[in-house]
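*Asks:* If it helps, the file is called protein-v8.cif and holds mmCIF, C-alpha atoms:
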```cif
data_protein
loop_
_atom_site.label_atom_id
_atom_site.label_comp_id
_atom_site.auth_asym_id
_atom_site.auth_seq_id
_atom_site.Cartn_x
_atom_site.Cartn_y
_atom_site.Cartn_z
CA MET M 1 106.53 129.99 58.70
CA THR M 2 105.69 133.00 60.85
CA GLU M 3 107.09 133.63 64.28
CA GLY M 4 103.65 133.22 65.81
CA ASN M 5 103.13 129.84 64.19
CA ASP M 6 106.57 128.68 65.27
CA GLY M 7 105.79 129.62 68.85
CA ALA M 8 102.43 127.87 68.72
CA GLN M 9 104.16 124.58 67.99
CA HIS M 10 105.70 124.62 71.45
CA LEU M 11 102.50 125.34 73.39
CA PRO M 12 101.22 122.55 75.69
CA GLY M 13 98.13 122.21 73.50
CA ARG M 14 100.08 121.59 70.32
CA GLU M 15 98.66 118.99 67.98
CA ARG M 16 99.87 115.47 68.65
CA ARG M 17 99.72 112.30 66.62
CA ARG M 18 96.81 110.01 67.41
CA PHE M 19 96.87 106.20 67.26
CA PRO M 20 93.41 104.89 66.30
CA GLY M 21 92.78 101.31 67.35
CA ILE M 22 96.26 100.93 68.86
CA SER M 23 96.86 97.73 70.81
CA SER M 24 98.81 97.83 74.04
CA ARG M 25 101.11 95.31 72.31
CA ALA M 26 102.52 98.25 70.35
CA TYR M 27 104.28 99.66 73.42
CA GLU M 28 104.45 96.83 75.93
CA HIS M 29 107.82 95.70 77.24
CA PRO M 30 108.55 92.17 75.92
CA ALA M 31 108.42 90.52 79.36
CA ASP M 32 105.21 92.34 80.25
CA ARG M 33 103.70 91.52 76.87
CA SER M 34 104.41 87.79 77.01
CA ALA M 35 102.93 87.46 80.51
CA LEU M 36 99.76 89.33 79.58
CA VAL M 37 99.22 87.53 76.27
CA ALA M 38 99.58 84.18 78.03
CA LEU M 39 97.06 85.20 80.70
CA ARG M 40 94.59 86.49 78.13
CA LYS M 41 94.86 83.23 76.17
CA LEU M 42 93.87 81.06 79.14
CA SER M 43 90.26 80.02 78.65
CA GLY M 44 88.07 81.40 81.42
CA PHE M 45 91.00 82.96 83.25
CA ASP M 46 89.43 86.41 83.61
CA THR M 47 86.14 84.91 84.83
CA VAL M 48 87.81 82.76 87.49
CA PHE M 49 90.20 85.52 88.45
CA LYS M 50 87.44 88.06 88.98
CA ALA M 51 85.32 85.50 90.86
CA LEU M 52 88.19 84.97 93.27
CA SER M 53 88.64 88.71 93.38
CA GLY M 54 85.08 89.13 94.63
CA LEU M 55 86.52 89.20 98.11
CA LEU M 56 88.32 92.42 97.35
CA PRO M 57 86.71 95.59 98.71
CA GLU M 58 86.62 97.37 95.32
CA ARG M 59 83.29 99.09 96.03
CA SER M 60 84.72 100.32 99.32
CA LEU M 61 87.82 101.56 97.49
CA ARG M 62 85.72 103.56 95.03
CA LEU M 63 83.64 105.07 97.84
CA LEU M 64 86.82 105.97 99.69
CA PHE M 65 88.22 108.01 96.80
CA LEU M 66 84.81 109.55 96.10
CA SER M 67 84.43 110.67 99.71
CA ASP M 68 87.97 111.65 100.63
CA SER M 69 89.69 112.80 97.40
CA VAL M 70 88.96 115.36 94.69
CA ARG M 71 87.45 114.01 91.49
CA VAL M 72 88.97 115.52 88.37
CA GLY M 73 86.47 117.14 86.03
CA GLU M 74 85.53 120.34 84.24
CA ARG M 75 85.10 122.19 87.55
CA GLN M 76 87.93 120.59 89.53
CA PHE M 77 91.52 120.28 88.31
CA ALA M 78 90.29 121.18 84.83
CA HIS M 79 93.83 121.07 83.37
CA LEU M 80 94.20 117.44 84.52
CA ASN M 81 90.79 116.63 83.06
CA HIS M 82 91.93 118.04 79.72
CA MET M 83 95.13 115.96 79.85
CA LEU M 84 93.17 112.82 80.74
CA ARG M 85 90.73 113.22 77.84
CA ASP M 86 93.58 114.10 75.50
CA ALA M 87 95.51 110.96 76.54
CA CYS M 88 92.43 108.74 76.05
CA HIS M 89 91.87 110.33 72.63
CA ILE M 90 95.48 109.74 71.54
CA LEU M 91 95.51 106.08 72.68
CA ASP M 92 91.91 105.60 71.48
CA LEU M 93 90.60 104.52 74.89
CA GLU M 94 86.85 104.94 74.43
CA LYS M 95 85.77 105.12 78.08
CA VAL M 96 87.58 107.78 80.07
CA PRO M 97 88.44 106.36 83.52
CA PRO M 98 87.56 108.45 86.57
CA MET M 99 90.54 110.30 88.00
CA TYR M 100 91.12 111.56 91.55
CA VAL M 101 93.62 113.81 93.26
CA SER M 102 94.51 112.54 96.73
CA GLN M 103 96.24 114.54 99.44
CA ASP M 104 99.69 113.03 99.84
CA PRO M 105 102.99 114.94 99.83
CA LYS M 106 104.77 111.94 98.32
CA PRO M 107 104.73 112.05 94.48
CA ASN M 108 102.74 109.04 93.32
CA ALA M 109 100.20 107.87 90.76
CA MET M 110 98.39 104.60 90.24
CA CYS M 111 95.76 102.89 88.13
CA ILE M 112 93.65 100.37 90.06
CA GLY M 113 90.28 98.66 89.83
CA LEU M 114 88.85 95.30 88.78
CA ASP M 115 85.76 96.03 86.71
CA GLU M 116 86.74 99.56 85.71
CA PRO M 117 90.09 101.31 86.19
CA ILE M 118 90.49 104.33 88.46
CA ILE M 119 93.42 106.71 88.16
CA VAL M 120 94.72 108.38 91.33
CA VAL M 121 97.45 111.02 91.49
CA SER M 122 98.86 112.58 94.64
CA THR M 123 99.04 116.29 95.38
CA GLY M 124 102.79 115.87 95.73
CA LEU M 125 103.01 114.75 92.10
CA VAL M 126 100.73 117.54 90.83
CA GLU M 127 102.84 120.14 92.60
CA LEU M 128 106.14 118.64 91.46
CA LEU M 129 105.63 118.36 87.69
CA ASP M 130 105.07 120.96 85.00
CA GLU M 131 102.31 120.53 82.42
CA GLU M 132 104.26 118.52 79.85
CA GLU M 133 105.80 116.27 82.51
CA MET M 134 102.36 115.69 84.01
CA ARG M 135 100.96 114.90 80.56
CA ALA M 136 103.46 112.03 80.28
CA VAL M 137 102.36 110.73 83.70
CA VAL M 138 98.68 110.84 82.77
CA GLY M 139 99.53 109.01 79.54
CA HIS M 140 101.48 106.48 81.64
CA GLU M 141 98.38 105.73 83.73
CA VAL M 142 96.08 105.58 80.69
CA GLY M 143 98.58 103.10 79.25
CA HIS M 144 98.10 100.96 82.36
CA ALA M 145 94.33 101.11 81.81
CA LEU M 146 94.60 100.14 78.13
CA SER M 147 96.91 97.22 78.97
CA GLY M 148 94.58 95.89 81.66
CA HIS M 149 97.20 96.35 84.35
CA SER M 150 94.74 97.80 86.89
CA VAL M 151 93.28 94.36 87.71
CA TYR M 152 96.63 92.82 88.61
CA ARG M 153 97.80 95.98 90.37
CA THR M 154 94.72 95.82 92.61
CA ILE M 155 95.42 92.18 93.42
CA LEU M 156 99.03 93.09 94.24
CA LEU M 157 97.91 95.82 96.65
CA PHE M 158 95.45 93.43 98.31
CA LEU M 159 97.99 90.62 98.70
CA THR M 160 100.64 93.00 100.02
CA ASN M 161 98.26 94.20 102.73
CA LEU M 162 97.18 90.62 103.45
CA ALA M 163 100.81 89.54 103.84
CA LEU M 164 101.28 92.20 106.52
CA LYS M 165 98.20 91.00 108.42
CA VAL M 166 99.22 87.31 108.47
CA ALA M 167 102.92 87.90 109.03
CA TRP M 168 102.59 86.72 112.64
CA ILE M 169 101.31 83.27 111.56
CA PRO M 170 104.14 80.71 111.19
CA LEU M 171 104.66 80.05 107.46
CA GLY M 172 101.40 81.90 106.75
CA ASN M 173 103.29 84.65 105.02
CA VAL M 174 105.53 82.48 102.85
CA ALA M 175 103.06 81.46 100.13
CA ILE M 176 101.54 84.93 99.87
CA MET M 177 104.94 86.63 99.63
CA ALA M 178 105.97 84.23 96.88
CA ILE M 179 103.00 85.43 94.82
CA VAL M 180 103.64 89.06 95.78
CA THR M 181 107.27 88.77 94.69
CA ALA M 182 106.24 87.33 91.32
CA LEU M 183 103.61 90.04 90.83
CA ARG M 184 106.10 92.75 91.73
CA GLU M 185 108.55 91.43 89.15
CA TRP M 186 105.81 91.55 86.51
CA PHE M 187 104.64 94.99 87.68
CA ARG M 188 108.12 96.46 87.41
CA LYS M 189 108.12 95.38 83.76
CA SER M 190 104.64 96.84 83.32
CA GLU M 191 105.98 100.20 84.52
CA LEU M 192 108.44 100.20 81.62
CA SER M 193 105.50 99.55 79.28
CA ALA M 194 103.49 102.41 80.78
CA ASP M 195 106.47 104.77 80.48
CA ARG M 196 106.37 104.06 76.75
CA ALA M 197 102.64 104.82 76.66
CA GLY M 198 103.38 108.10 78.44
CA LEU M 199 105.87 108.99 75.71
CA LEU M 200 103.34 108.17 72.98
CA VAL M 201 100.85 110.51 74.65
CA GLY M 202 103.21 113.35 75.54
CA GLN M 203 105.41 112.92 72.46
CA ASP M 204 108.13 114.86 74.27
CA LEU M 205 111.07 112.70 75.37
CA GLN M 206 112.73 115.51 77.30
CA ALA M 207 109.58 116.08 79.35
CA SER M 208 109.44 112.36 80.19
CA MET M 209 113.11 112.45 81.20
CA ARG M 210 112.59 115.54 83.37
CA GLY M 211 109.62 113.96 85.11
CA LEU M 212 111.60 110.84 86.03
CA MET M 213 114.52 112.97 87.15
CA LYS M 214 112.23 115.01 89.41
CA LEU M 215 110.89 111.82 90.99
CA ALA M 216 114.46 111.07 92.02
CA GLY M 217 115.74 114.54 92.96
CA GLY M 218 112.73 116.77 93.51
CA ASN M 219 111.89 120.13 91.97
CA HIS M 220 115.44 121.35 91.47
CA LEU M 221 115.86 121.30 87.69
CA HIS M 222 118.42 124.11 87.83
CA GLU M 223 120.62 121.75 89.87
CA MET M 224 120.14 118.66 87.66
CA ASN M 225 121.10 117.54 84.17
CA VAL M 226 119.40 114.84 82.09
CA ASP M 227 122.64 113.62 80.49
CA ALA M 228 124.36 113.35 83.87
CA PHE M 229 121.30 111.55 85.26
CA LEU M 230 121.45 109.00 82.45
CA GLU M 231 125.18 108.54 83.10
CA GLN M 232 124.17 107.35 86.57
CA ALA M 233 122.16 104.56 84.97
CA GLU M 234 125.22 103.55 82.94
CA GLU M 235 127.38 103.54 86.07
CA TYR M 236 124.73 101.60 87.99
CA GLU M 237 124.60 98.88 85.35
CA ALA M 238 128.33 98.53 84.75
CA GLY M 239 129.86 99.36 88.11
CA GLY M 240 131.06 97.10 90.91
CA ASP M 241 131.59 93.35 91.10
CA LEU M 242 129.37 90.33 91.67
CA ARG M 243 128.64 91.48 95.21
CA ASP M 244 127.10 94.65 93.80
CA SER M 245 125.10 92.59 91.29
CA VAL M 246 123.56 90.58 94.13
CA LEU M 247 122.87 93.76 96.11
CA LYS M 248 121.08 95.25 93.10
CA ILE M 249 118.77 92.24 93.02
CA MET M 250 118.13 92.43 96.77
CA ASN M 251 117.46 96.18 96.59
CA VAL M 252 114.90 95.90 93.81
CA LEU M 253 112.94 92.87 95.11
CA PRO M 254 110.71 94.78 97.58
CA ARG M 255 110.00 97.58 95.08
CA SER M 256 106.92 97.88 92.89
CA HIS M 257 108.72 100.24 90.48
CA PRO M 258 112.11 100.03 88.78
CA PHE M 259 114.71 102.59 89.82
CA THR M 260 114.19 105.97 88.16
CA THR M 261 117.58 106.07 86.41
CA VAL M 262 116.88 102.64 84.94
CA ARG M 263 113.44 103.76 83.74
CA ALA M 264 114.91 106.86 82.10
CA ALA M 265 117.61 104.85 80.33
CA GLU M 266 115.12 102.21 79.15
CA LEU M 267 112.74 104.85 77.80
CA ARG M 268 115.45 106.72 75.93
CA LYS M 269 116.69 103.41 74.48
CA TRP M 270 113.20 102.58 73.18
CA ALA M 271 112.72 106.11 71.80
CA ARG M 272 115.80 105.56 69.62
CA THR M 273 114.55 102.28 68.12
CA ARG M 274 112.99 101.64 64.75
CA GLU M 275 110.04 100.11 66.61
CA TYR M 276 109.17 103.46 68.21
CA GLN M 277 109.57 105.32 64.94
CA ARG M 278 107.25 102.90 63.18
CA VAL M 279 104.58 103.47 65.83
CA MET M 280 104.93 107.23 65.37
CA ASP M 281 104.61 106.73 61.61
CA GLY M 282 101.31 104.88 62.08
CA HIS M 283 102.59 101.31 61.71
CA TYR M 284 101.62 99.55 64.94
CA ALA M 285 99.80 96.51 66.33
CA ARG M 286 96.04 97.01 66.44
CA ARG M 287 93.43 95.89 68.93
CA GLU M 288 91.39 94.09 66.29
CA ASP M 289 94.26 91.62 65.87
CA ASP M 290 94.78 90.92 69.59
CA ARG M 291 92.81 87.68 69.56
CA ASP M 292 95.06 86.30 66.84
CA THR M 293 98.24 86.98 68.78
CA SER M 294 100.40 83.90 69.19
CA VAL M 295 101.50 83.06 72.71
CA SER M 296 104.58 81.25 71.41
CA ASP M 297 105.57 84.23 69.26
CA SER M 298 105.21 86.52 72.24
CA PHE M 299 107.36 84.30 74.45
CA ARG M 300 109.91 84.04 71.65
CA GLN M 301 110.09 87.83 71.45
CA SER M 302 110.53 88.01 75.21
CA ALA M 303 113.27 85.37 75.13
CA ASN M 304 115.06 87.23 72.34
CA HIS M 305 114.85 90.43 74.36
CA TYR M 306 116.43 88.80 77.40
CA SER M 307 119.11 87.18 75.28
CA ASP M 308 120.00 90.57 73.86
CA SER M 309 119.94 92.09 77.36
CA VAL M 310 122.35 89.48 78.69
CA ARG M 311 124.59 89.77 75.65
CA ASN M 312 124.80 93.56 75.81
CA SER M 313 124.71 94.07 79.58
CA LYS M 314 127.77 95.44 81.36
CA ASP M 315 126.66 94.04 84.71
CA PRO M 316 129.30 91.68 86.20
CA LEU M 317 126.70 88.98 86.93
CA MET M 318 125.46 89.07 83.34
CA GLY M 319 129.08 88.79 82.21
CA LEU M 320 129.42 85.64 84.28
CA VAL M 321 126.21 84.26 82.75
CA ARG M 322 127.65 84.87 79.28
CA ASP M 323 130.85 83.05 80.22
CA ILE M 324 128.93 80.08 81.62
CA ALA M 325 126.79 79.91 78.49
CA GLY M 326 129.94 80.10 76.39
CA GLY M 327 131.60 77.29 78.29
CA ALA M 328 134.31 79.41 79.92
CA GLY M 329 136.74 77.45 82.05
CA ASP M 330 137.87 78.03 85.65
CA LEU M 331 134.38 78.99 86.83
CA GLY M 332 135.45 78.76 90.47
CA GLY M 333 138.23 81.24 89.89
CA ARG M 334 135.93 83.66 88.13
CA LEU M 335 133.38 83.47 90.94
CA ARG M 336 136.12 84.09 93.51
CA ASP M 337 137.49 87.07 91.62
CA GLY M 338 134.03 88.44 91.00
CA PHE M 339 133.07 88.45 94.66
CA THR M 340 136.43 89.74 95.88
CA GLY M 341 136.65 92.40 93.23
CA ARG M 342 140.10 91.22 92.09
CA ARG M 343 141.30 91.08 88.53
CA ARG M 344 142.79 87.78 87.40
CA ASP M 345 146.26 89.24 86.90
CA ASP M 346 146.20 90.62 90.48
CA SER M 347 145.06 87.41 92.16
CA GLY M 348 148.46 86.40 93.46
CA ASP M 349 148.37 83.11 91.56
CA GLY M 350 150.75 84.15 88.77
CA PRO M 351 154.34 83.03 88.29
CA GLY M 352 156.68 83.86 91.12
CA GLU M 353 153.95 84.03 93.80
CA THR M 354 154.00 81.69 96.77
CA GLY M 355 150.26 81.68 97.16
CA GLY M 356 150.66 82.02 100.97
CA SER M 357 149.20 84.73 103.16
CA THR M 358 149.94 86.31 106.50
CA SER M 359 147.43 87.30 109.13
#
```
I need this file expressed as structure tokens, please.
*Replies:*
Amino acid sequence: MTEGNDGAQHLPGRERRRFPGISSRAYEHPADRSALVALRKLSGFDTVFKALSGLLPERSLRLLFLSDSVRVGERQFAHLNHMLRDACHILDLEKVPPMYVSQDPKPNAMCIGLDEPIIVVSTGLVELLDEEEMRAVVGHEVGHALSGHSVYRTILLFLTNLALKVAWIPLGNVAIMAIVTALREWFRKSELSADRAGLLVGQDLQASMRGLMKLAGGNHLHEMNVDAFLEQAEEYEAGGDLRDSVLKIMNVLPRSHPFTTVRAAELRKWARTREYQRVMDGHYARREDDRDTSVSDSFRQSANHYSDSVRNSKDPLMGLVRDIAGGAGDLGGRLRDGFTGRRRDDSGDGPGETGGSTS
């Protein structure tokens, strides 16, 4: 191999694997997948859902982006247009969704729309990421479009805004926020799915890792390290006591996206699986078989995933769940020690201790 050919392999336009007819099931997170398959199996669900969604100002939303953002094309943001078409080609998405760049210093991207998806990226994101990192983001959003996430994302945005408008009404906000909370939980899982789609498009794990790291720490790569960043995810999962476990839950509830360290760790974990390698080798679920997908099989896969997560998790709360499931005794003592951060041999209840305390 010549030096020139070797260098060409590392150019942004290098040839990538394509996945003809790929189903979103090939990369969807188990929890995301089971929820979507169940929804798709409900007779008439999409028709009813879209009828109810007729109240949403989608036409107004499209006009807003058309009038006050920059539409990506051959003459505007041509490099993003190339990435978008490349991503749709790789994931075999026949209709290329319109894409806009919106002026916003905060790095962000989204895929919304009921009848047809629209992809929007902020100027802050375009300025933050290099070409390969941005390619993964564009693939992420095309993954949302292929999975049909844009419909539910639009509903989530609408309900979130509605909840703010009716917050002053006694109990008027409760029912809406219950739905919003459930949608956010699903959407956080859908982000993990879309991260996988971004990796299938970019086919560069390090670029995906860098992009997530930049979302957390900005454009300071010379000051950051991917391995150290992933060690934060390990510390986040394993550190603290039950109080920290509860705080983690409280911290993530209002968020639409998982924490960036968690996303990076999840993506690297998937990239190391046999499942990912099989997709890259051309062995993946195909769209033509979607209608034959079993809801029960999908839920079973999701349940198995969560069982494995609980079994392998280092989080103190998950450890308690394992003990309860295993019939561990002295549950009250374990709860007490978990919330006080004490080890059992330091609890003061051992031989020779009086058990009293002074104030």
*Asks:* M:Cys88, M:Arg18, M:Met83, M:Ile118: which is nearest Arg59 of chain M, counting all atoms listed in the file?
*Replies:* M:Ile118
*Asks:* Please evaluate the PyMOL selection byres ((chain M and resi 72-81) around 9) against the structure above and give the resulting residues as an NGL selection string.
*Replies:* :M and (70-71 or 82-86 or 98-101 or 131 or 134-135 or 138)
*Asks:* Measure the distance from atom CA of Leu156 of chain M to atom CA of Gly143 of chain M in Å and round it to one decimal.
*Replies:*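 We find that atom CA of Leu156 of chain M and atom CA of Gly143 of chain M lie 18.0 Å from each other.
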*Asks:* Contacts of segment 198-208 of chain M at 6 Å or less, counting all atoms listed in the file, minus same-chain residues fewer than 3 places along, as number ranges by chain?
*Replies:* M: 87, 132-133, 135-137, 139-140, 195, 211
*Asks:* Going by the chain IDs and residue numbers used in this file, which residues fall under the PyMOL selection byres ((chain M and resi 190) around 10)? Write them as a ChimeraX atom specification.
*Replies:* /M:28-33,35-36,143-144,147,149,153,184-189,191-196,256-258
*Asks:* Could you write out as JSON the box around segment 78-89 of chain M (axis-aligned, all atoms listed in the file, 3 Å on each side), with centre and edge lengths in Å to one decimal?
*Replies:*
```
{"center_x": 92.9, "center_y": 115.0, "center_z": 78.7, "size_x": 11.2, "size_y": 18.4, "size_z": 18.2}
```
*Asks:* Find the distance between atom CA of Asn108 of chain M and atom CA of Ser150 of chain M and write it in Å to one decimal.
*Replies:* 15.2 Å
*Asks:* Any idea what the distance is between atom CA of Pro107 of chain M and atom CA of Asp130 of chain M?
*Replies:*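 Separation of atom CA of Pro107 of chain M and atom CA of Asp130 of chain M: 13.0 Å.
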*Asks:* Please expand the PyMOL selection byres ((chain M and resi 221) around 12) into the concrete residues it hits in this file, giving the result as a list in words.
*Replies:* Leu128, Leu129, Asp130, Ala207, Met209, Arg210, Gly211, Leu212, Met213, Lys214, Leu215, Ala216, Gly217, Gly218, Asn219, His220, His222, Glu223, Met224, Asn225, Val226 and Phe229 of chain M
*Asks:* Which residues are close to Met110 of chain M, i.e. within 7 Å by all atoms listed in the file, leaving aside same-chain residues fewer than 5 positions away? Reply as a list in words.
*Replies:*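 My list of contacting residues is Ile119, Val120, Val121 and Glu141 of chain M.
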